[in-house]
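Visitor: Structure file input-v3.txt (compact mmCIF, C-alpha atoms) is given on the next line.
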# COMPACT_ATOMS: atom_id res chain seq x y z
CA VAL A 1 0.00 0.00 0.00
CA GLY A 2 1.43 3.39 -0.93
CA VAL A 3 2.03 5.83 1.88
CA ARG A 4 -0.21 8.88 1.69
CA LEU A 5 1.01 11.52 4.08
CA THR A 6 1.08 15.26 4.37
CA MET A 7 3.37 16.97 6.87
CA LEU A 8 2.86 20.55 7.95
CA ARG A 9 5.64 22.32 9.79
CA GLN A 10 4.85 24.30 12.93
CA HIS A 11 5.38 28.03 12.57
CA SER A 12 5.77 29.87 15.85
CA GLY A 13 4.52 33.35 16.63
CA SER A 14 1.40 33.20 14.48
CA LYS A 15 -2.27 32.34 14.76
CA PHE A 16 -4.45 29.54 13.46
CA ALA A 17 -8.24 29.62 13.35
CA VAL A 18 -10.83 27.10 12.20
CA GLY A 19 -14.30 28.31 11.31
CA ALA A 20 -16.17 25.00 11.74
CA THR A 21 -17.80 24.33 15.09
CA VAL A 22 -16.89 20.73 15.86
CA THR A 23 -16.66 19.18 19.31
CA LEU A 24 -13.59 17.02 19.82
CA MET A 25 -13.23 14.17 22.28
CA GLN A 26 -9.70 14.54 23.60
CA PRO A 27 -7.83 11.33 24.48
CA ALA A 28 -6.42 11.45 27.99
CA VAL A 29 -2.95 10.15 27.11
CA SER A 30 0.06 11.19 29.17
CA ALA A 31 3.33 10.96 27.25
CA PRO A 32 6.49 13.00 26.59
CA PRO A 33 6.00 15.85 24.06
CA PRO A 34 6.34 14.36 20.57
CA PHE A 35 8.47 15.65 17.73
CA VAL A 36 5.76 14.63 15.24
CA ALA A 37 1.99 14.34 15.77
CA LEU A 38 0.52 11.84 13.27
CA GLY A 39 -3.22 11.58 12.59
CA TYR A 40 -4.60 8.52 10.82
CA LEU A 41 -7.98 9.16 9.18
CA SER A 42 -10.04 6.08 9.93
CA GLY A 43 -13.57 4.70 9.82
CA GLY A 44 -15.70 2.91 12.35
CA ALA A 45 -15.48 -0.41 10.50
CA ASN A 46 -11.67 -0.25 10.25
CA ALA A 47 -10.90 -1.66 13.70
CA PRO A 48 -8.65 -4.42 12.23
CA ARG A 49 -6.52 -1.77 10.53
CA ARG A 50 -6.19 0.19 13.75
CA THR A 51 -5.21 -2.95 15.64
CA GLN A 52 -2.49 -3.73 13.10
CA ILE A 53 -1.14 -0.19 13.24
CA ARG A 54 -1.00 -0.34 17.05
CA GLN A 55 0.91 -3.62 16.89
CA LEU A 56 3.43 -2.18 14.44
CA ALA A 57 3.74 1.07 16.39
CA ALA A 58 4.57 -0.89 19.56
CA LYS A 59 7.83 -1.95 17.90
CA PHE A 60 8.91 1.70 17.83
CA ALA A 61 7.74 2.65 21.33
CA GLY A 62 9.73 5.46 22.90
CA GLY A 63 10.19 7.37 19.65
CA GLY A 64 9.19 10.94 18.96
CA VAL A 65 5.98 10.22 17.01
CA ALA A 66 2.58 10.41 18.72
CA TYR A 67 -0.32 9.07 16.67
CA ARG A 68 -4.10 9.32 16.90
CA PHE A 69 -6.90 7.75 14.84
CA VAL A 70 -9.33 10.42 13.63
CA LEU A 71 -12.95 9.30 13.15
CA ALA A 72 -16.17 11.09 12.23
CA THR A 73 -19.66 9.77 12.93
CA PRO A 74 -21.17 7.42 10.30
CA GLU A 75 -23.13 9.17 7.57
CA CYS A 76 -26.74 9.99 8.59
CA GLN A 77 -25.98 9.22 12.25
CA ARG A 78 -25.63 11.67 15.11
CA GLU A 79 -23.45 9.56 17.39
CA HIS A 80 -20.51 7.21 17.12
CA ASP A 81 -21.07 3.48 17.21
CA PRO A 82 -20.92 2.14 20.81
CA LYS A 83 -18.13 -0.26 19.76
CA VAL A 84 -16.06 2.67 18.53
CA VAL A 85 -16.65 4.59 21.75
CA ALA A 86 -15.63 1.54 23.78
CA GLU A 87 -12.49 1.10 21.67
CA ALA A 88 -11.58 4.76 22.16
CA ALA A 89 -12.03 4.46 25.93
CA ALA A 90 -9.86 1.34 26.05
CA THR A 91 -7.03 2.47 23.78
CA GLN A 92 -6.95 6.23 24.48
CA ASP A 93 -5.54 6.88 21.02
CA MET A 94 -8.66 7.93 19.08
CA LEU A 95 -10.03 11.36 18.28
CA LEU A 96 -13.81 11.23 17.76
CA LEU A 97 -15.24 14.16 15.81
CA ASN A 98 -18.85 15.29 16.04
CA VAL A 99 -19.24 15.57 12.27
CA SER A 100 -20.79 13.19 9.72
CA ASP A 101 -18.41 11.12 7.63
CA THR A 102 -19.42 11.84 4.03
CA PRO A 103 -17.40 11.57 0.79
CA PHE A 104 -16.91 15.35 0.70
CA ARG A 105 -15.94 15.83 4.35
CA CYS A 106 -12.62 14.04 4.41
CA ALA A 107 -10.89 17.41 4.09
CA LEU A 108 -12.77 18.68 7.15
CA LYS A 109 -11.42 15.74 9.15
CA TYR A 110 -7.89 16.82 8.23
CA VAL A 111 -8.60 20.41 9.26
CA GLN A 112 -10.08 19.35 12.59
CA TRP A 113 -7.17 17.02 13.28
CA ILE A 114 -4.69 19.84 12.69
CA ALA A 115 -6.75 22.21 14.87
CA TRP A 116 -6.81 19.70 17.71
CA ALA A 117 -3.18 18.60 17.34
CA ARG A 118 -1.77 22.13 17.51
CA VAL A 119 -3.42 22.50 20.93
CA ALA A 120 -2.73 18.98 22.22
CA PHE A 121 0.90 18.93 20.99
CA PRO A 122 2.02 22.57 21.00
CA SER A 123 5.72 21.69 20.97
CA ALA A 124 5.54 19.25 18.03
CA ALA A 125 7.75 20.37 15.15
CA PHE A 126 5.49 18.69 12.59
CA ILE A 127 1.84 17.71 12.29
CA ALA A 128 1.28 14.78 9.93
CA SER A 129 -1.81 13.16 8.49
CA GLY A 130 -2.56 10.07 6.45
CA ASP A 131 -5.00 7.20 5.96
CA ASP A 132 -5.26 4.07 8.06
CA ASP A 133 -4.35 1.89 5.06
CA ALA A 134 -0.89 3.46 4.85
CA TYR A 135 2.14 1.78 6.39
CA VAL A 136 4.39 4.20 8.24
CA GLN A 137 7.73 2.99 9.58
CA LEU A 138 7.78 5.39 12.51
CA ALA A 139 11.53 5.32 13.19
CA HIS A 140 12.43 6.14 9.58
CA PHE A 141 9.59 8.64 9.39
CA GLU A 142 10.87 10.53 12.42
CA ALA A 143 14.46 10.38 11.19
CA ASP A 144 13.48 11.87 7.81
CA LEU A 145 11.64 14.75 9.44
CA ARG A 146 14.49 15.43 11.85
CA ARG A 147 16.76 15.85 8.84
CA VAL A 148 14.25 18.23 7.27
CA HIS A 149 14.07 20.14 10.56
CA ALA A 150 17.86 20.41 10.70
CA GLN A 151 18.04 21.74 7.14
CA ILE A 152 15.33 24.39 7.23
CA GLY A 153 15.68 25.54 10.84
CA ALA A 154 13.10 26.19 13.53
CA GLY A 155 10.03 28.29 12.77
CA THR A 156 10.14 27.85 8.98
CA PRO A 157 6.82 26.73 7.42
CA ALA A 158 7.27 23.58 5.34
CA LEU A 159 5.13 21.06 3.48
CA TRP A 160 6.82 17.65 3.17
CA GLY A 161 5.57 14.67 1.18
CA CYS A 162 3.77 13.85 -2.07
CA ILE A 163 0.18 15.12 -2.10
CA MET A 164 -1.84 12.35 -3.74
CA TRP A 165 -5.42 13.41 -3.06
CA ARG A 166 -7.12 16.75 -2.58
CA ALA A 167 -10.54 18.14 -1.70
CA TRP A 168 -11.85 21.67 -2.09
CA TYR A 169 -14.94 23.78 -1.68
CA ASN A 170 -15.96 26.51 -4.13
CA ASN A 171 -17.37 29.34 -2.04
CA VAL A 172 -19.03 30.88 -5.12
CA THR A 173 -20.78 27.85 -6.60
CA GLN A 174 -20.98 26.03 -3.25
CA ASP A 175 -19.65 22.94 -4.99
CA SER A 176 -17.67 20.29 -3.10
CA SER A 177 -15.17 18.36 -5.17
CA THR A 178 -12.33 15.89 -4.87
CA GLY A 179 -9.44 15.28 -7.17
CA PHE A 180 -6.57 12.82 -7.63
CA THR A 181 -3.11 14.32 -7.91
CA GLY A 182 -1.00 11.32 -8.83
CA TRP A 183 1.00 8.58 -7.13
CA THR A 184 4.65 9.46 -7.61
CA CYS A 185 6.88 12.46 -8.12
CA ALA A 186 7.25 11.40 -11.78
CA ASP A 187 3.48 11.24 -12.33
CA GLY A 188 2.19 14.05 -14.55
CA GLN A 189 -0.66 14.94 -12.20
CA ALA A 190 1.65 14.99 -9.18
CA VAL A 191 4.17 17.18 -11.03
CA ALA A 192 1.39 19.62 -11.95
CA VAL A 193 0.41 19.97 -8.31
CA VAL A 194 4.03 20.58 -7.31
CA VAL A 195 4.25 23.35 -9.91
CA VAL A 196 1.08 24.99 -8.57
CA VAL A 197 2.40 24.82 -5.00
CA GLY A 198 5.67 26.36 -6.15
CA VAL A 199 3.87 29.27 -7.82
CA ALA A 200 1.83 29.85 -4.65
CA GLN A 201 4.85 29.87 -2.32
CA PRO A 202 5.56 33.65 -2.32
CA PRO A 203 2.01 34.69 -1.28
CA LEU A 204 1.88 31.79 1.19
CA ARG A 205 5.05 33.01 2.89
CA THR A 206 3.48 36.46 3.16
CA THR A 207 0.22 35.28 4.72
CA THR A 208 1.33 32.33 6.83
CA THR A 209 2.70 34.42 9.67
CA THR A 210 -0.66 36.08 10.22
CA THR A 211 -3.14 33.29 9.42
CA SER A 212 -1.67 29.90 10.27
CA ARG A 213 0.67 28.22 12.65
CA ARG A 214 1.24 25.31 10.29
Using the file provided, produce a representation of the structure as structure tokens.
Guide:
Amino acid sequence: VGVRLTMLRQHSGSKFAVGATVTLMQPAVSAPPPFVALGYLSGGANAPRRTQIRQLAAKFAGGGVAYRFVLATPECQREHDPKVVAEAAATQDMLLLNVSDTPFRCALKYVQWIAWARVAFPSAAFIASGDDDAYVQLAHFEADLRRVHAQIGAGTPALWGCIMWRAWYNNVTQDSSTGFTGWTCADGQAVAVVVVVGVAQPPLRTTTTTTSRR
């Protein structure tokens, strides 16, 4: 399974605001401050995936990566499944969002994860996100990001990784859409996205310090 991850670098001295009103259930986990906060987007029926990830993560216990599984409520339901709530209470590694899980709300789950993580892990150098069908070798993952951190310095906004999927909302037409951006750095769609990001870098550098911490 290909790894699908997006890393956003913490930028100190600036503000971050999220307009959506979503209640978050905060896991009561006590652990040393992580270097990376990793959110796995998951679904209620994906308990076997979460179990496998926990088993793999146990091999890298003591590292600088803290992970959480991010779940929304099933579509057309107002509450999480009792089995999911029980799993969250037992494992203390799940973030349950009070928002319906629909095809066009995956992006909102990412936004809410970042909003929660910046408060729960204020000293984390990076906030990461991915899907629960992605394999992440946590030790190598942390080592890669520590090298990035050493190269760019503290407080520099950075986006690390290949963006493979995107979602957006047109505020004029009120249309929700999703799009595929490619699998590899040599893929034409992926290259096109990299070019767009590169063009947007100057204005992003100008606005990041006043609008976003990540």
Visitor: Given all atoms listed in the file as the basis, pick out the residue of A:Ala45, A:Tyr40, A:His149, A:Ala58 nearest to His80 (chain A).
Guide: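 Using all atoms listed in the file, the shortest distance to His80 (chain A) belongs to A:Ala45.
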Visitor: Of the candidates A:Ser129, A:Thr73, A:Gln112, A:Ser123, which one gets nearest to Ser100 (chain A) if we count all atoms listed in the file?
Guide: A:Thr73
Visitor: Find the distance between CA of Trp160 (chain A) and CA of Gly44 (chain A) and write it in Å to one decimal.
Guide: 28.4 Å
Visitor: Extract, using only C-alpha atoms, all DNA, RNA and protein residues at most 12 Å from Thr102 (chain A), discarding same-chain residues fewer than 5 positions from it, and format them as a PyMOL selection string.
Guide: chain A and resi 43+71-77+107-109+176
Visitor: Take the point (-4.4, 7.3, 12.7) as written in the file and pick out every residue within 7 Å of it, counting all atoms listed in the file; give the list as a PyMOL selection string.
Guide: chain A and resi 38-42+67-70+131-132
